[in-house]
$ cat model_18.cif   # mmCIF, C-alpha atoms
data_query
loop_
_atom_site.label_atom_id
_atom_site.label_comp_id
_atom_site.auth_asym_id
_atom_site.auth_seq_id
_atom_site.Cartn_x
_atom_site.Cartn_y
_atom_site.Cartn_z
CA MET A 26 -33.01 -5.95 -13.45
CA THR A 27 -33.62 -6.90 -9.84
CA THR A 28 -35.60 -9.84 -8.61
CA SER A 29 -35.31 -9.04 -4.91
CA THR A 30 -36.62 -6.26 -2.74
CA PRO A 31 -34.82 -4.76 0.25
CA ASN A 32 -35.16 -6.68 3.49
CA THR A 33 -37.26 -4.19 5.45
CA GLU A 34 -38.33 -6.44 8.31
CA ALA A 35 -36.16 -8.19 10.86
CA PRO A 36 -36.54 -11.98 10.72
CA ALA A 37 -38.12 -13.81 13.61
CA ALA A 38 -35.78 -15.04 16.30
CA GLY A 39 -33.97 -18.17 15.19
CA CYS A 40 -34.87 -17.67 11.51
CA PRO A 41 -32.18 -17.05 8.90
CA TYR A 42 -31.67 -13.41 7.96
CA ARG A 43 -32.31 -12.90 4.24
CA LEU A 44 -29.53 -10.69 2.91
CA ASP A 45 -30.69 -7.70 0.87
CA ALA A 46 -29.57 -8.52 -2.67
CA THR A 47 -29.91 -4.86 -3.66
CA GLY A 48 -27.32 -3.69 -1.11
CA SER A 49 -29.56 -0.74 -0.26
CA ASP A 50 -28.28 -0.27 3.31
CA ILE A 51 -25.04 -2.18 3.86
CA HIS A 52 -24.26 -0.70 7.26
CA GLY A 53 -27.82 -0.91 8.56
CA GLU A 54 -27.84 -4.57 7.64
CA ALA A 55 -24.38 -5.09 9.15
CA SER A 56 -25.60 -3.61 12.43
CA ALA A 57 -28.67 -5.86 12.43
CA LEU A 58 -26.51 -8.92 11.77
CA ARG A 59 -24.05 -7.93 14.51
CA GLU A 60 -26.90 -7.72 17.02
CA ARG A 61 -27.72 -11.37 16.29
CA GLY A 62 -24.29 -12.51 17.48
CA PRO A 63 -20.71 -12.93 16.25
CA ALA A 64 -22.03 -15.17 13.46
CA THR A 65 -25.62 -15.69 12.38
CA ARG A 66 -27.46 -17.80 9.85
CA VAL A 67 -28.46 -16.01 6.66
CA LEU A 68 -29.96 -16.74 3.27
CA LEU A 69 -28.15 -15.69 0.11
CA PRO A 70 -30.01 -15.04 -3.16
CA GLY A 71 -31.69 -18.23 -4.28
CA ASP A 72 -32.29 -19.16 -0.64
CA ILE A 73 -28.79 -20.57 -0.30
CA PRO A 74 -28.09 -20.98 3.46
CA ALA A 75 -24.88 -19.68 4.99
CA TRP A 76 -23.42 -18.08 8.10
CA SER A 77 -22.59 -14.36 8.09
CA VAL A 78 -19.59 -13.72 10.35
CA THR A 79 -19.41 -10.19 11.75
CA ASP A 80 -17.11 -10.31 14.81
CA PRO A 81 -13.52 -9.20 14.00
CA GLY A 82 -11.91 -11.65 16.41
CA LEU A 83 -13.93 -14.58 15.10
CA ILE A 84 -13.16 -13.52 11.53
CA ARG A 85 -9.43 -13.56 12.22
CA ARG A 86 -9.63 -16.97 13.86
CA LEU A 87 -11.65 -18.47 11.03
CA LEU A 88 -9.48 -16.96 8.29
CA THR A 89 -6.41 -18.62 9.80
CA HIS A 90 -8.11 -21.89 10.75
CA PRO A 91 -6.75 -24.92 8.86
CA ASP A 92 -10.25 -26.41 8.59
CA ILE A 93 -11.85 -23.43 6.87
CA SER A 94 -11.63 -23.76 3.10
CA LYS A 95 -12.53 -21.65 0.07
CA ASP A 96 -12.81 -24.63 -2.27
CA ALA A 97 -16.45 -25.43 -2.98
CA ALA A 98 -15.42 -28.28 -5.28
CA GLN A 99 -13.97 -30.10 -2.28
CA HIS A 100 -15.85 -28.90 0.76
CA TRP A 101 -19.38 -27.66 -0.01
CA PRO A 102 -21.90 -30.53 -0.20
CA PRO A 103 -24.54 -28.67 -2.29
CA TYR A 104 -21.81 -28.04 -4.87
CA THR A 105 -20.18 -31.47 -4.86
CA SER A 106 -23.55 -33.25 -4.97
CA GLY A 107 -24.83 -31.16 -7.88
CA GLN A 108 -27.65 -29.63 -5.84
CA LEU A 109 -26.50 -26.05 -6.41
CA PRO A 110 -28.54 -24.72 -9.36
CA ALA A 111 -26.49 -24.44 -12.53
CA ASP A 112 -27.91 -20.96 -13.09
CA TRP A 113 -27.39 -19.63 -9.54
CA PRO A 114 -26.56 -15.96 -10.22
CA LEU A 115 -23.55 -15.91 -7.86
CA ARG A 116 -22.14 -19.22 -9.04
CA ILE A 117 -19.02 -17.69 -10.64
CA TRP A 118 -17.79 -16.94 -7.11
CA VAL A 119 -17.47 -20.67 -6.41
CA ASP A 120 -16.92 -21.96 -9.96
CA VAL A 121 -13.68 -20.08 -10.68
CA ARG A 122 -10.45 -22.01 -10.27
CA ASN A 123 -7.91 -19.50 -9.04
CA ALA A 124 -6.23 -18.39 -5.82
CA LEU A 125 -9.52 -16.92 -4.56
CA THR A 126 -11.21 -20.34 -4.36
CA ALA A 127 -8.26 -22.65 -3.69
CA TYR A 128 -7.32 -24.41 -0.45
CA GLY A 129 -4.04 -25.51 1.11
CA VAL A 130 -1.35 -26.65 -1.32
CA GLU A 131 -3.48 -25.70 -4.32
CA HIS A 132 -3.87 -22.17 -2.98
CA ARG A 133 -0.14 -21.77 -2.61
CA ARG A 134 0.43 -23.12 -6.14
CA LEU A 135 -2.03 -20.69 -7.72
CA ARG A 136 -0.97 -17.69 -5.62
CA ARG A 137 2.74 -18.12 -6.31
CA PRO A 138 2.71 -16.90 -9.97
CA LEU A 139 0.89 -13.74 -8.84
CA ALA A 140 2.89 -12.85 -5.76
CA ALA A 141 6.05 -11.63 -7.49
CA ALA A 142 4.12 -9.03 -9.46
CA PHE A 143 2.86 -7.45 -6.22
CA SER A 144 6.09 -7.50 -4.22
CA SER A 145 6.88 -4.32 -2.30
CA ARG A 146 9.80 -3.57 -4.60
CA ARG A 147 7.73 -3.81 -7.78
CA VAL A 148 4.76 -1.95 -6.32
CA ARG A 149 6.87 0.94 -5.04
CA ALA A 150 8.56 1.18 -8.41
CA LEU A 151 5.13 1.96 -9.85
CA VAL A 152 4.73 5.16 -7.82
CA PRO A 153 5.97 7.56 -10.56
CA GLN A 154 3.69 5.87 -13.10
CA ILE A 155 0.71 6.08 -10.72
CA GLU A 156 1.41 9.77 -10.09
CA SER A 157 1.57 10.38 -13.84
CA LEU A 158 -1.73 8.58 -14.42
CA VAL A 159 -3.41 10.52 -11.61
CA HIS A 160 -2.34 13.87 -13.00
CA ALA A 161 -3.36 12.90 -16.53
CA LEU A 162 -6.84 12.01 -15.26
CA LEU A 163 -7.04 15.28 -13.31
CA ASP A 164 -5.99 17.18 -16.44
CA ASP A 165 -8.86 15.52 -18.27
CA LEU A 166 -11.28 16.43 -15.48
CA GLN A 167 -10.07 20.01 -15.56
CA SER A 168 -11.42 20.34 -19.10
CA ALA A 169 -14.86 20.52 -17.49
CA GLY A 170 -16.05 23.89 -16.27
CA PRO A 171 -15.90 24.62 -12.54
CA ASP A 172 -19.70 24.46 -12.23
CA GLU A 173 -20.25 21.56 -14.60
CA VAL A 174 -21.48 18.33 -12.98
CA VAL A 175 -19.08 15.44 -13.63
CA ASP A 176 -19.20 11.81 -12.50
CA LEU A 177 -16.05 11.45 -10.45
CA ARG A 178 -16.53 7.69 -10.05
CA ALA A 179 -16.65 7.07 -13.81
CA ARG A 180 -13.95 9.54 -14.78
CA PHE A 181 -11.50 9.17 -11.90
CA ALA A 182 -12.21 6.50 -9.27
CA TRP A 183 -12.93 3.82 -11.89
CA ARG A 184 -10.31 4.89 -14.40
CA LEU A 185 -7.24 5.01 -12.19
CA PRO A 186 -7.28 1.44 -10.82
CA LEU A 187 -8.20 0.09 -14.24
CA LEU A 188 -5.27 1.91 -15.85
CA VAL A 189 -2.87 0.72 -13.15
CA ALA A 190 -4.14 -2.86 -13.40
CA GLY A 191 -3.87 -2.58 -17.16
CA ALA A 192 -0.24 -1.54 -16.90
CA ILE A 193 0.59 -4.46 -14.59
CA LEU A 194 -1.35 -7.01 -16.64
CA GLY A 195 -0.51 -5.61 -20.06
CA VAL A 196 -4.12 -4.86 -20.97
CA GLY A 197 -4.32 -2.86 -24.18
CA GLU A 198 -6.11 0.46 -24.19
CA ASP A 199 -8.64 -0.98 -26.62
CA LEU A 200 -9.93 -3.27 -23.84
CA HIS A 201 -10.02 -0.80 -20.94
CA ASP A 202 -13.56 0.50 -21.30
CA ASP A 203 -14.96 -2.94 -22.13
CA PHE A 204 -13.45 -4.40 -18.97
CA ARG A 205 -14.74 -1.45 -16.94
CA ASP A 206 -18.28 -2.04 -18.14
CA ALA A 207 -18.18 -5.84 -17.84
CA VAL A 208 -16.41 -6.39 -14.54
CA GLY A 209 -18.85 -4.41 -12.42
CA ALA A 210 -21.66 -6.82 -13.25
CA LEU A 211 -19.76 -9.69 -11.61
CA PHE A 212 -20.25 -7.95 -8.25
CA ALA A 213 -23.98 -7.30 -8.67
CA THR A 214 -25.98 -9.54 -6.35
CA ASP A 215 -29.47 -8.75 -7.64
CA LEU A 216 -29.22 -10.12 -11.19
CA VAL A 217 -31.56 -12.72 -12.58
CA PRO A 218 -29.82 -15.87 -13.90
CA GLU A 219 -29.92 -14.72 -17.53
CA GLU A 220 -28.27 -11.40 -16.67
CA ALA A 221 -25.61 -13.06 -14.54
CA GLY A 222 -24.85 -15.58 -17.27
CA ALA A 223 -24.51 -12.85 -19.89
CA ALA A 224 -22.18 -10.84 -17.64
CA GLN A 225 -19.97 -13.86 -17.04
CA ALA A 226 -19.85 -14.71 -20.75
CA ARG A 227 -18.84 -11.13 -21.59
CA VAL A 228 -15.98 -11.11 -19.08
CA TYR A 229 -14.58 -14.40 -20.42
CA GLU A 230 -14.87 -13.11 -23.98
CA LEU A 231 -12.65 -10.17 -23.01
CA ILE A 232 -10.26 -12.42 -21.07
CA ASP A 233 -9.85 -14.62 -24.16
CA ARG A 234 -9.13 -11.57 -26.31
CA LEU A 235 -6.46 -10.47 -23.82
CA ILE A 236 -4.87 -13.93 -23.79
CA GLU A 237 -4.88 -13.99 -27.61
CA GLN A 238 -3.19 -10.58 -27.75
CA LYS A 239 -0.52 -11.41 -25.17
CA THR A 240 0.17 -14.85 -26.67
CA ALA A 241 0.85 -13.20 -30.01
CA LYS A 242 2.92 -10.41 -28.46
CA PRO A 243 4.22 -11.32 -24.96
CA ASP A 244 5.86 -8.68 -22.78
CA ASP A 245 7.14 -8.18 -19.24
CA ASP A 246 3.71 -8.24 -17.61
CA VAL A 247 1.63 -10.52 -15.43
CA THR A 248 -0.58 -11.82 -18.23
CA SER A 249 2.44 -12.90 -20.27
CA GLY A 250 3.87 -14.57 -17.17
CA LEU A 251 0.64 -16.49 -16.56
CA ILE A 252 0.51 -17.57 -20.20
CA ALA A 253 4.07 -18.87 -19.89
CA ALA A 254 3.05 -20.78 -16.76
CA GLN A 255 0.14 -22.32 -18.65
CA GLN A 256 2.36 -23.28 -21.56
CA THR A 257 4.75 -25.12 -19.23
CA GLY A 258 1.90 -26.92 -17.48
CA THR A 259 2.26 -25.06 -14.17
CA ILE A 260 -1.35 -23.90 -14.41
CA SER A 261 -4.23 -25.15 -16.56
CA ASP A 262 -6.14 -23.29 -19.28
CA THR A 263 -9.02 -22.77 -16.84
CA GLU A 264 -6.69 -21.54 -14.09
CA LEU A 265 -5.11 -19.08 -16.53
CA ARG A 266 -8.46 -17.57 -17.49
CA ASP A 267 -9.79 -17.54 -13.93
CA SER A 268 -6.61 -16.02 -12.49
CA LEU A 269 -7.10 -13.11 -14.90
CA VAL A 270 -10.74 -12.81 -13.81
CA LEU A 271 -9.47 -12.49 -10.24
CA LEU A 272 -6.80 -9.91 -11.03
CA ILE A 273 -8.92 -7.72 -13.29
CA GLY A 274 -12.11 -8.05 -11.27
CA ALA A 275 -11.50 -8.21 -7.55
CA GLY A 276 -8.02 -6.79 -8.06
CA HIS A 277 -9.24 -3.23 -8.51
CA GLU A 278 -12.74 -3.14 -6.96
CA THR A 279 -11.31 -2.26 -3.54
CA THR A 280 -9.51 0.79 -4.87
CA VAL A 281 -12.46 2.07 -6.89
CA ASN A 282 -14.79 1.98 -3.90
CA ALA A 283 -12.21 3.40 -1.50
CA LEU A 284 -11.63 6.41 -3.76
CA ASP A 285 -15.40 6.83 -4.08
CA HIS A 286 -16.13 6.68 -0.34
CA GLY A 287 -12.94 8.51 0.59
CA THR A 288 -14.01 11.47 -1.53
CA VAL A 289 -17.53 11.45 -0.11
CA ASN A 290 -16.31 11.25 3.48
CA LEU A 291 -13.91 14.15 3.03
CA LEU A 292 -16.53 16.29 1.28
CA THR A 293 -19.07 15.63 4.03
CA HIS A 294 -16.55 16.03 6.86
CA ARG A 295 -14.74 19.24 6.00
CA ASP A 296 -13.25 19.37 9.47
CA GLN A 297 -11.52 16.05 8.84
CA LEU A 298 -10.33 17.23 5.42
CA ALA A 299 -8.85 20.32 7.07
CA ARG A 300 -6.90 18.12 9.52
CA VAL A 301 -5.32 16.29 6.59
CA LEU A 302 -4.61 19.39 4.51
CA ASP A 303 -3.06 21.09 7.55
CA GLY A 304 -0.73 18.12 8.07
CA GLU A 305 -2.25 17.16 11.41
CA VAL A 306 -3.22 13.77 9.95
CA ALA A 307 -1.12 12.04 7.28
CA TRP A 308 -2.70 10.81 4.05
CA ASP A 309 -1.68 7.23 4.80
CA GLN A 310 -3.52 7.43 8.14
CA LEU A 311 -6.54 8.88 6.36
CA THR A 312 -6.44 5.99 3.90
CA GLU A 313 -6.72 3.46 6.73
CA GLU A 314 -9.75 5.22 8.20
CA VAL A 315 -11.43 5.25 4.78
CA LEU A 316 -10.88 1.49 4.51
CA ARG A 317 -12.17 0.89 8.03
CA HIS A 318 -15.19 3.14 7.87
CA GLN A 319 -16.39 1.98 4.44
CA ALA A 320 -15.03 -1.50 3.78
CA PRO A 321 -14.83 -1.51 -0.05
CA ILE A 322 -15.78 -5.18 -0.16
CA ALA A 323 -18.64 -5.34 2.32
CA THR A 324 -19.21 -9.11 2.33
CA ILE A 325 -17.06 -11.73 0.61
CA ILE A 326 -18.41 -15.12 -0.44
CA MET A 327 -17.73 -18.01 0.34
CA ARG A 328 -15.84 -20.26 2.78
CA PHE A 329 -16.65 -23.78 3.99
CA ALA A 330 -16.09 -25.81 7.13
CA VAL A 331 -13.94 -28.84 6.25
CA THR A 332 -14.87 -30.52 9.55
CA ASP A 333 -17.01 -29.43 12.50
CA VAL A 334 -15.33 -26.23 13.72
CA VAL A 335 -16.01 -25.06 17.27
CA ASP A 336 -14.94 -21.55 18.21
CA GLU A 337 -14.29 -21.74 21.94
CA ALA A 338 -14.24 -17.97 22.45
CA THR A 339 -17.79 -17.48 21.18
CA GLY A 340 -19.24 -20.98 21.53
CA VAL A 341 -20.32 -20.97 17.87
CA THR A 342 -20.14 -24.30 16.04
CA PHE A 343 -19.88 -24.49 12.26
CA ALA A 344 -20.87 -27.96 11.05
CA ARG A 345 -18.91 -29.75 8.38
CA GLY A 346 -19.96 -28.38 4.99
CA ASP A 347 -21.48 -25.18 6.33
CA ALA A 348 -20.99 -22.17 4.07
CA LEU A 349 -19.66 -18.90 5.56
CA VAL A 350 -19.60 -15.34 4.26
CA ILE A 351 -17.36 -12.75 5.90
CA ASN A 352 -18.93 -9.37 6.65
CA TYR A 353 -16.05 -6.88 6.55
CA ALA A 354 -18.43 -3.91 6.73
CA ALA A 355 -19.67 -5.10 10.13
CA ALA A 356 -16.14 -5.83 11.36
CA GLY A 357 -14.94 -2.34 10.40
CA ARG A 358 -17.52 -0.68 12.62
CA ASP A 359 -17.46 -3.12 15.50
CA PRO A 360 -17.88 -1.03 18.69
CA GLU A 361 -15.73 -3.35 20.80
CA ALA A 362 -12.85 -2.95 18.36
CA HIS A 363 -13.30 0.74 17.53
CA GLY A 364 -15.30 2.23 20.40
CA PRO A 365 -18.89 3.44 20.78
CA GLU A 366 -18.39 5.97 17.96
CA ALA A 367 -17.29 3.33 15.45
CA ASP A 368 -19.92 4.50 12.94
CA GLU A 369 -18.33 7.94 12.77
CA PHE A 370 -15.60 8.95 10.31
CA ASP A 371 -12.52 10.13 12.23
CA ALA A 372 -9.36 10.67 10.19
CA GLY A 373 -7.19 10.52 13.31
CA ARG A 374 -8.75 7.38 14.79
CA THR A 375 -6.06 5.43 16.67
CA THR A 376 -7.59 2.06 15.77
CA ALA A 377 -8.01 2.85 12.06
CA ARG A 378 -5.27 0.47 10.96
CA ASP A 379 -6.90 -2.39 12.83
CA HIS A 380 -9.30 -3.18 10.00
CA LEU A 381 -9.87 -6.21 7.80
CA ALA A 382 -10.62 -4.52 4.48
CA PHE A 383 -7.95 -6.59 2.73
CA GLY A 384 -8.81 -9.83 4.46
CA HIS A 385 -6.56 -11.81 6.76
CA GLY A 386 -4.42 -14.92 6.75
CA ALA A 387 -3.43 -16.94 3.70
CA HIS A 388 -5.92 -15.12 1.44
CA PHE A 389 -4.79 -11.60 2.45
CA CYS A 390 -5.12 -9.39 -0.63
CA LEU A 391 -2.01 -9.47 -2.81
CA GLY A 392 -2.72 -5.95 -4.02
CA ALA A 393 -3.16 -4.34 -0.60
CA GLU A 394 0.00 -2.23 -0.74
CA LEU A 395 -0.72 -1.16 -4.31
CA ALA A 396 -4.28 -0.15 -3.36
CA ARG A 397 -3.05 1.89 -0.41
CA ILE A 398 -0.54 3.73 -2.59
CA GLU A 399 -3.16 4.48 -5.25
CA ILE A 400 -5.69 5.74 -2.70
CA ARG A 401 -3.38 8.15 -0.89
CA ILE A 402 -1.73 9.51 -4.07
CA ALA A 403 -5.10 9.98 -5.78
CA LEU A 404 -6.94 11.64 -2.89
CA ASP A 405 -4.02 13.94 -2.09
CA ALA A 406 -3.69 15.05 -5.71
CA LEU A 407 -7.47 15.40 -6.19
CA PHE A 408 -7.92 17.83 -3.30
CA ALA A 409 -4.73 19.68 -4.17
CA ARG A 410 -5.99 20.26 -7.70
CA PHE A 411 -9.62 21.01 -6.80
CA PRO A 412 -9.71 22.55 -3.30
CA ASP A 413 -13.32 23.71 -3.79
CA LEU A 414 -14.60 20.30 -4.91
CA GLN A 415 -18.15 19.62 -3.73
CA LEU A 416 -20.89 17.05 -4.17
CA ALA A 417 -23.49 18.00 -6.77
CA VAL A 418 -26.24 16.19 -4.85
CA PRO A 419 -26.86 15.61 -1.14
CA ALA A 420 -24.81 12.69 0.13
CA GLU A 421 -27.97 10.84 1.14
CA ASP A 422 -29.11 10.89 -2.50
CA LEU A 423 -26.09 8.97 -3.76
CA VAL A 424 -27.29 5.59 -5.05
CA PRO A 425 -25.49 2.51 -3.69
CA LEU A 426 -24.38 -0.28 -5.99
CA SER A 427 -26.83 -3.15 -6.27
CA SER A 428 -24.59 -5.46 -4.32
CA PHE A 429 -23.98 -6.72 -0.80
CA ILE A 430 -20.44 -7.61 -1.94
CA SER A 431 -19.20 -4.35 -3.44
CA ASN A 432 -19.64 -1.21 -1.34
CA GLY A 433 -19.70 1.85 -3.56
CA HIS A 434 -21.99 4.19 -5.47
CA VAL A 435 -23.48 3.93 -8.94
CA SER A 436 -22.14 7.39 -9.69
CA LEU A 437 -20.46 10.26 -7.85
CA PRO A 438 -21.69 13.58 -9.27
CA VAL A 439 -19.52 16.53 -8.23
CA ARG A 440 -18.72 20.10 -9.15
CA LEU A 441 -14.99 20.58 -9.34
CA GLY A 442 -14.77 24.30 -8.68
CA PRO A 443 -11.84 26.31 -10.02
CA PRO A 444 -8.54 24.40 -10.14
CA SER A 445 -5.70 25.41 -7.89
CA THR A 446 -2.87 27.38 -9.44
CA SER A 447 -0.56 24.82 -7.87
CA THR A 448 -1.26 21.17 -8.75
CA LYS A 449 1.35 19.72 -6.42
CA PRO A 450 -0.02 17.62 -3.55
CA SER A 451 0.12 19.47 -0.25
CA HIS A 452 1.69 16.56 1.58
CA PRO A 453 3.33 13.97 -0.71
CA ALA A 454 2.29 10.38 -0.19
CA ALA A 455 4.54 8.28 1.99
CA ASP A 456 6.80 5.79 0.24
#
$ encode --input "model_18.cif" --output "structure tokens"
Amino acid sequence: MTTSTPNTEAPAAGCPYRLDATGSDIHGEASALRERGPATRVLLPGDIPAWSVTDPGLIRRLLTHPDISKDAAQHWPPYTSGQLPADWPLRIWVDVRNALTAYGVEHRRLRRPLAAAFSSRRVRALVPQIESLVHALLDDLQSAGPDEVVDLRARFAWRLPLLVAGAILGVGEDLHDDFRDAVGALFATDLVPEEAGAAQARVYELIDRLIEQKTAKPDDDVTSGLIAAQQTGTISDTELRDSLVLLIGAGHETTVNALDHGTVNLLTHRDQLARVLDGEVAWDQLTEEVLRHQAPIATIIMRFAVTDVVDEATGVTFARGDALVINYAAAGRDPEAHGPEADEFDAGRTTARDHLAFGHGAHFCLGAELARIEIRIALDALFARFPDLQLAVPAEDLVPLSSFISNGHVSLPVRLGPPSTSTKPSHPAAD
């Protein structure tokens, strides 16, 4: 499947750093990039040049800068001139026409139909439904024997966000598993062009089936709302399809990976788990440390300099048309922001909330509050139900996803141990 090998040697001074398309060591690479400065030149797969931005302060300034765009169709010369290969494996990240890739007025237009669905009122109203889904998934897990090895990522971490997203979007149960299998490939960064093209085609095939279903039988859900917007001319056919790609794809990847890494961190730091179970540290605080320590989206692509942008604080100049990728994994463990022990997992860390896992500025993740609620309800309930949960393999043997974008594991084998006689969470999630 892969066409790249891990980047095992540091590039010569002044040479671009070739990002490891296999994502074999996200934090080792983040540390190496950070050592090269607040932003450094890199090569993406296909030898596409870009800047990788690692400094939290610089990231915040760039993500709120009026001359930093996400619209390749307007502001990236290789794209506008036709020089970007048509079969570039990561091309969907700049081809899609939705709120993720829009700029200025267009961004506000495309974000508006989505925002109401993720308002605090509507998200908090979902709490009972999320709790019900969590306990149903735990009931299903409990059917396994206490010593049986089960894949917690496939059966819990993946399933919950997909079910919640399905409820919000109105995705029928018949499409759930297909979307689960197809969406993950969009985040792989080591695919050859043929594989990437097939993955993209499969996702759009499922999107079209969803649109067909909801057009025939609309309901009070986001997909029906987007279809209505398309029918009135508020958004185009392409924007309808690509908005659903955004919501179903990126919309739940953060939660999947946070549940994955959150579980691993608590199982490998029993002292930290004890602090949470004893009530010394709240689950919402723990959630923030999980997001800081293991940014679920390690690096997001891409942004573009509309004009020459000079950052006075660092002295870095981004020339007009330069491409930028934002390294959230590096920012989450920045020692100036989080201290010399930033690489360590500390559930009570006072700077935990000062992370960028959901982005910053106009493109701040619409689903951030929903993701936080899912993470803390799910982790609380999981450890209440299975207090003797343990990894079935050493943590160092867990295989990372083949991606420098998505930070998670291919699978999460665990042994559940005997279930608790009480399935109530020890400390209910905050509202």
$ resolve_selection --input "model_18.cif" --expression "the PyMOL selection byres ((chain A and resi 301) around 10)" --output "number ranges by chain"
A: 291, 295-300, 302-311, 372-373, 405, 451-452
$ atom_distance --input "model_18.cif" --atom1 "atom CA of A:Lys95" --atom2 "atom CA of A:Thr126"
4.8 Å
$ residues_around --input "model_18.cif" --residues "A:Leu158" --least-positions-apart "4" --cutoff "8 Å" --atoms "only C-alpha atoms" --output "JSON, numbers by chain"
{"A": [154, 162, 185, 188]}
$ residues_around --input "model_18.cif" --residues "A:Tyr353" --least-positions-apart "3" --cutoff "8 Å" --atoms "all atoms listed in the file" --output "PyMOL selection string"
chain A and resi 79+320+322-325+356-357+381-382
$ resolve_selection --input "model_18.cif" --expression "the PyMOL selection byres ((chain A and resi 69-75) around 7)" --output "PDB file with C-alpha atoms, in the coordinates of the input"
ATOM      1  CA  ARG A  43     -32.310 -12.900   4.240  1.00  0.00           C
ATOM      2  CA  LEU A  44     -29.530 -10.690   2.910  1.00  0.00           C
ATOM      3  CA  ALA A  46     -29.570  -8.520  -2.670  1.00  0.00           C
ATOM      4  CA  ARG A  66     -27.460 -17.800   9.850  1.00  0.00           C
ATOM      5  CA  VAL A  67     -28.460 -16.010   6.660  1.00  0.00           C
ATOM      6  CA  LEU A  68     -29.960 -16.740   3.270  1.00  0.00           C
ATOM      7  CA  TRP A  76     -23.420 -18.080   8.100  1.00  0.00           C
ATOM      8  CA  SER A  77     -22.590 -14.360   8.090  1.00  0.00           C
ATOM      9  CA  TRP A 113     -27.390 -19.630  -9.540  1.00  0.00           C
ATOM     10  CA  ASP A 347     -21.480 -25.180   6.330  1.00  0.00           C
ATOM     11  CA  ALA A 348     -20.990 -22.170   4.070  1.00  0.00           C
ATOM     12  CA  LEU A 349     -19.660 -18.900   5.560  1.00  0.00           C
ATOM     13  CA  VAL A 350     -19.600 -15.340   4.260  1.00  0.00           C
TER      14      VAL A 350
END
$ resolve_selection --input "model_18.cif" --expression "the PyMOL selection byres ((chain A and resi 61) around 12)" --output "PyMOL selection string"
chain A and resi 35-42+54-60+62-67+76-80+355
$ closest_residue --input "model_18.cif" --among "A:Leu437, A:Ala223, A:Ile51, A:Ala142" --to "A:Ala354" --atoms "only C-alpha atoms"
A:Ile51
$ residues_around --input "model_18.cif" --residues "A:Pro171" --least-positions-apart "2" --cutoff "6 Å" --atoms "all atoms listed in the file" --output "number ranges by chain"
A: 173, 441-443
$ closest_residue --input "model_18.cif" --among "A:Ala140, A:Thr47, A:Ala207, A:Pro91" --to "A:Gly386" --atoms "all atoms listed in the file"
A:Pro91
$ residues_near_point --input "model_18.cif" --point "(-6.4, -1.1, 13.3)" --cutoff "10 Å" --atoms "all atoms listed in the file" --output "list in words"
Glu313, Glu314, Arg317, Gly357, Ala362, His363, Arg374, Thr375, Thr376, Ala377, Arg378, Asp379, His380 and Leu381 of chain A
$ atom_distance --input "model_18.cif" --atom1 "atom CA of A:Glu394" --atom2 "atom CA of A:Leu187"
16.0 Å
$ atom_distance --input "model_18.cif" --atom1 "atom CA of A:Ala213" --atom2 "atom CA of A:Gln99"
25.7 Å
$ closest_residue --input "model_18.cif" --among "A:Phe212, A:Tyr128, A:Trp183, A:Phe370" --to "A:Ala98" --atoms "all atoms listed in the file"
A:Tyr128
$ residues_around --input "model_18.cif" --residues "A:Asp199" --least-positions-apart "3" --cutoff "12 Å" --atoms "only C-alpha atoms" --output "tab-separated table (two decimals) with C-alpha atoms, keeping the file's coordinate frame"
chain	number	residue	atom	x	y	z
A	188	LEU	CA	-5.27	1.91	-15.85
A	191	GLY	CA	-3.87	-2.58	-17.16
A	195	GLY	CA	-0.51	-5.61	-20.06
A	196	VAL	CA	-4.12	-4.86	-20.97
A	202	ASP	CA	-13.56	0.50	-21.30
A	203	ASP	CA	-14.96	-2.94	-22.13
A	204	PHE	CA	-13.45	-4.40	-18.97
A	205	ARG	CA	-14.74	-1.45	-16.94
A	231	LEU	CA	-12.65	-10.17	-23.01
A	234	ARG	CA	-9.13	-11.57	-26.31
A	235	LEU	CA	-6.46	-10.47	-23.82
A	238	GLN	CA	-3.19	-10.58	-27.75
$ residues_around --input "model_18.cif" --residues "A:Ser94" --least-positions-apart "3" --cutoff "8 Å" --atoms "all atoms listed in the file" --output "PDB file with C-alpha atoms, keeping the file's coordinate frame"
ATOM      1  CA  PRO A  91      -6.750 -24.920   8.860  1.00  0.00           C
ATOM      2  CA  ALA A  97     -16.450 -25.430  -2.980  1.00  0.00           C
ATOM      3  CA  HIS A 100     -15.850 -28.900   0.760  1.00  0.00           C
ATOM      4  CA  ALA A 127      -8.260 -22.650  -3.690  1.00  0.00           C
ATOM      5  CA  TYR A 128      -7.320 -24.410  -0.450  1.00  0.00           C
ATOM      6  CA  ARG A 328     -15.840 -20.260   2.780  1.00  0.00           C
ATOM      7  CA  PHE A 329     -16.650 -23.780   3.990  1.00  0.00           C
ATOM      8  CA  ALA A 330     -16.090 -25.810   7.130  1.00  0.00           C
ATOM      9  CA  VAL A 331     -13.940 -28.840   6.250  1.00  0.00           C
TER      10      VAL A 331
END
$ residues_near_point --input "model_18.cif" --point "(-31.1, -8.8, -14.4)" --cutoff "12 Å" --atoms "only C-alpha atoms" --output "VMD selection string"
chain A and resid 26 to 29 46 to 47 114 210 to 211 213 to 224 427
